[in-house]
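A.B. asks: Have a look at this one.
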Amino acid sequence: CARNRALRRAQCMRCSNKHHESLGGDQQSMVDSCFVKRLLQHIDLTASEIADIAELEREPVTFAPGQKLWEEGHKADYICIVQDGWLMSETVLEGGERQILRFYFSGELIGTASIAYDHATTTVRAVDEAQLCMFPRARLGELFARHPRLSTLFYSLGMLEVIDLNDRLRALGRTDGKARLAHLFLAIAERLRVLTGPESTKLHVPLTQNDLADAVGLTAIHVNRLLKEMSSEGLIRRHRRELELLDEPALRRIAQFRSRRQNIDLGWFPPAQN
């Protein structure tokens, strides 16, 4: 809804105040996207880098809830920057069973997982109303040619996605249902907090019980029972599209959760281009 979109944009703006203070006036005027703010969590971007990234975020397109960006096996030769909203990557088995592979949030890139092919390797659809900026893959190559440091940063962030999937595979294959849900909630919180701040415990999570079930490999009935159990134990509070993590230390113990977004090694990055 409009209220939730406004809240997410406000959180996105607040989280980068410390970066704005270190930038000049011209640079501050260009730092107006959650994508740039996510990058600023790792490196101080130059004015030239910010300006060239801004060129990728022109003319956003709105997708309605459930609308597909592309479908698995179909041609997909562009990249998307999520300006607002949630999206999901999914695959459907021959028997009709769905597996949700990843969720995407404001300030994240979609399409890099299939960049080695001329077709989509998964189906991507909007969870709620989403705004995206779409551009051909060739534009990304041009950006990397001008700014080699950005290519190393994008590569590192792409490898974080691989690590996220590794952790999810471990959770799905070797933990029980409660641990799977706890891991999913903590992984979502960690990625959202890049924009909302580390102290945020209340999260906007526009997922149905069927979505949660297909993300953790359980039935919707089992997920419903686990959510009630986790609520009664004081681990979480869930009301409509809001999820509150009440006892995060306990959730981390249950999920055997490992934080992956701290102390990323940037020492091998090349210097910024003048």
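Each chain in the structure tokens gets a letter, A, B and so on, in the order shown; residues start at 1 in every chain, and ligands are counted from 1 in the order they appear.
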DSSP on the backbone, strand (DSSP E or B) only: what residues of region 31-181 of chain A does that give? Format it as a ChimeraX atom specification.
C.D. replies: /A:61-63,68-70,75,78-84,87-92,98-104,109-110,119,123-126,130-136
A.B. asks: Determine, counting only C-alpha atoms, which protein, DNA and RNA residues have an atom within 12 Å of an atom of region 227-230 of chain A; residues of the same chain fewer than 3 positions away are not included. Present the result as a ChimeraX atom specification.
C.D. replies: /A:177-182,185,208-209,212-213,220-224,233-239,243-248,250-251,254
A.B. asks: Selected residues, C-alpha atoms, written as a CSV table (one decimal), in the first residue's frame, please.
C.D. replies:
chain,number,residue,atom,x,y,z
A,177,GLY,CA,11.0,-26.6,10.0
A,178,LYS,CA,11.4,-24.1,12.8
A,179,ALA,CA,15.1,-23.6,12.1
A,180,ARG,CA,14.3,-23.1,8.4
A,181,LEU,CA,11.7,-20.4,9.1
A,182,ALA,CA,14.0,-18.7,11.7
A,185,PHE,CA,13.4,-14.4,8.8
A,208,THR,CA,1.6,-15.3,2.4
A,209,GLN,CA,1.9,-18.6,4.3
A,212,LEU,CA,6.8,-19.0,3.2
A,213,ALA,CA,6.1,-22.6,2.7
A,220,ALA,CA,1.4,-24.2,4.3
A,221,ILE,CA,-0.4,-26.1,7.1
A,222,HIS,CA,3.0,-26.9,8.7
A,223,VAL,CA,4.1,-23.3,8.3
A,224,ASN,CA,0.9,-22.1,10.0
A,233,GLU,CA,7.3,-19.0,22.5
A,234,GLY,CA,7.9,-15.3,22.2
A,235,LEU,CA,10.2,-15.6,19.2
A,236,ILE,CA,8.2,-13.5,16.7
A,237,ARG,CA,5.1,-11.5,16.4
A,238,ARG,CA,3.3,-11.5,13.0
A,239,HIS,CA,0.4,-9.3,12.1
A,243,LEU,CA,6.9,-9.3,11.2
A,244,GLU,CA,8.6,-8.4,14.5
A,245,LEU,CA,11.6,-10.4,15.8
A,246,LEU,CA,11.1,-10.5,19.5
A,247,ASP,CA,14.0,-12.8,20.6
A,248,GLU,CA,16.7,-12.5,17.9
A,250,ALA,CA,17.1,-17.3,20.4
A,251,LEU,CA,16.3,-17.3,16.7
A,254,ILE,CA,17.7,-22.2,16.5
A.B. asks: Name all residues at most 9 Å from region 87-101 of chain A (count only C-alpha atoms; drop same-chain ones fewer than 5 positions away) and give them as a list in words.
C.D. replies: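 Those residues are Pro65, Gly66, Glu72, Val82, Thr121, Thr122, Thr123, Val124, Arg125, Ala126, Val127, Asp128, Glu129, Ala130, Leu165, Asp211, Leu212, Ala213, Asp214, Ala215, Val216 and Gly217 of chain A.
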A.B. asks: When you look at region 54-64 of chain A with a cut-off of 8 Å (counting only C-alpha atoms), what residues show up, excluding the ones that are within fewer than 2 positions of it in the same chain? I need them as a list in words.
C.D. replies: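 Listed by chain and then number, they are Met30, Ile50, Ala51, Asp52, Gly66, Gln67, Lys68, Leu69, Ile81, Gln83, Ala126, Asp128, Glu129, Ala130, Gln131, Leu132, Cys133, Met134, Phe135 and Arg139 of chain A.
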A.B. asks: Could the residues in this selection be written to a file with N, CA, C and O atoms, as a short mmCIF file (atom, residue, chain, number, x, y, z; two decimals), in the first residue's frame?
C.D. replies:
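selection.cif, freshly written:
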data_model
loop_
_atom_site.label_atom_id
_atom_site.label_comp_id
_atom_site.auth_asym_id
_atom_site.auth_seq_id
_atom_site.Cartn_x
_atom_site.Cartn_y
_atom_site.Cartn_z
N MET A 30 23.00 13.65 -5.95
CA MET A 30 22.91 12.46 -6.79
C MET A 30 22.60 11.21 -5.98
O MET A 30 22.22 10.19 -6.53
N ILE A 50 28.85 7.70 -9.08
CA ILE A 50 27.45 7.92 -8.74
C ILE A 50 26.67 8.43 -9.95
O ILE A 50 25.55 7.99 -10.22
N ALA A 51 27.28 9.34 -10.71
CA ALA A 51 26.60 9.90 -11.88
C ALA A 51 26.33 8.83 -12.92
O ALA A 51 25.24 8.78 -13.52
N ASP A 52 27.29 7.94 -13.16
CA ASP A 52 27.10 6.89 -14.17
C ASP A 52 26.08 5.85 -13.70
O ASP A 52 25.32 5.30 -14.50
N GLY A 66 2.24 -9.90 -8.41
CA GLY A 66 2.07 -11.12 -9.20
C GLY A 66 2.55 -11.01 -10.64
O GLY A 66 2.71 -12.03 -11.32
N GLN A 67 2.79 -9.79 -11.11
CA GLN A 67 3.21 -9.62 -12.50
C GLN A 67 4.64 -10.12 -12.70
O GLN A 67 5.52 -9.88 -11.88
N LYS A 68 4.86 -10.82 -13.82
CA LYS A 68 6.18 -11.40 -14.11
C LYS A 68 7.08 -10.40 -14.81
O LYS A 68 6.65 -9.68 -15.71
N LEU A 69 8.36 -10.37 -14.37
CA LEU A 69 9.37 -9.63 -15.12
C LEU A 69 9.78 -10.44 -16.33
O LEU A 69 9.92 -9.92 -17.43
N ILE A 81 17.22 -2.78 -11.55
CA ILE A 81 17.49 -2.24 -10.22
C ILE A 81 16.14 -2.03 -9.54
O ILE A 81 15.26 -1.38 -10.09
N GLN A 83 13.84 -0.25 -7.28
CA GLN A 83 13.72 1.02 -6.56
C GLN A 83 12.80 0.91 -5.36
O GLN A 83 13.01 1.55 -4.34
N ALA A 126 6.72 -9.93 -9.19
CA ALA A 126 6.56 -8.98 -8.10
C ALA A 126 5.71 -9.62 -6.99
O ALA A 126 4.71 -10.28 -7.26
N ASP A 128 4.69 -7.60 -4.12
CA ASP A 128 3.75 -6.50 -4.00
C ASP A 128 4.07 -5.51 -5.12
O ASP A 128 4.91 -5.79 -5.96
N GLU A 129 3.41 -4.36 -5.15
CA GLU A 129 3.69 -3.40 -6.21
C GLU A 129 5.15 -2.99 -6.15
O GLU A 129 5.67 -2.64 -5.09
N ALA A 130 5.83 -3.05 -7.28
CA ALA A 130 7.27 -2.80 -7.31
C ALA A 130 7.61 -1.83 -8.43
O ALA A 130 6.97 -1.81 -9.48
N GLN A 131 8.64 -1.03 -8.18
CA GLN A 131 9.17 -0.13 -9.19
C GLN A 131 10.60 -0.55 -9.51
O GLN A 131 11.42 -0.71 -8.59
N LEU A 132 10.86 -0.71 -10.80
CA LEU A 132 12.18 -1.16 -11.25
C LEU A 132 12.68 -0.30 -12.38
O LEU A 132 11.90 0.22 -13.19
N CYS A 133 14.00 -0.18 -12.46
CA CYS A 133 14.66 0.45 -13.60
C CYS A 133 15.35 -0.66 -14.38
O CYS A 133 16.17 -1.40 -13.84
N MET A 134 15.00 -0.79 -15.66
CA MET A 134 15.47 -1.89 -16.48
C MET A 134 16.40 -1.34 -17.56
O MET A 134 16.13 -0.31 -18.17
N PHE A 135 17.52 -2.05 -17.77
CA PHE A 135 18.47 -1.61 -18.78
C PHE A 135 19.15 -2.82 -19.40
O PHE A 135 19.28 -3.87 -18.77
N ARG A 139 24.78 -2.18 -21.02
CA ARG A 139 25.02 -0.97 -20.23
C ARG A 139 25.87 -1.29 -19.00
O ARG A 139 26.68 -0.45 -18.56
#
A.B. asks: When distances are computed from only C-alpha atoms, which of A:Ile79, A:Ile53, A:Cys34, A:Leu192 shows the smallest separation from Pro136 (chain A)?
C.D. replies: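 Answer, going by the shortest atom-to-atom distance: A:Ile79.
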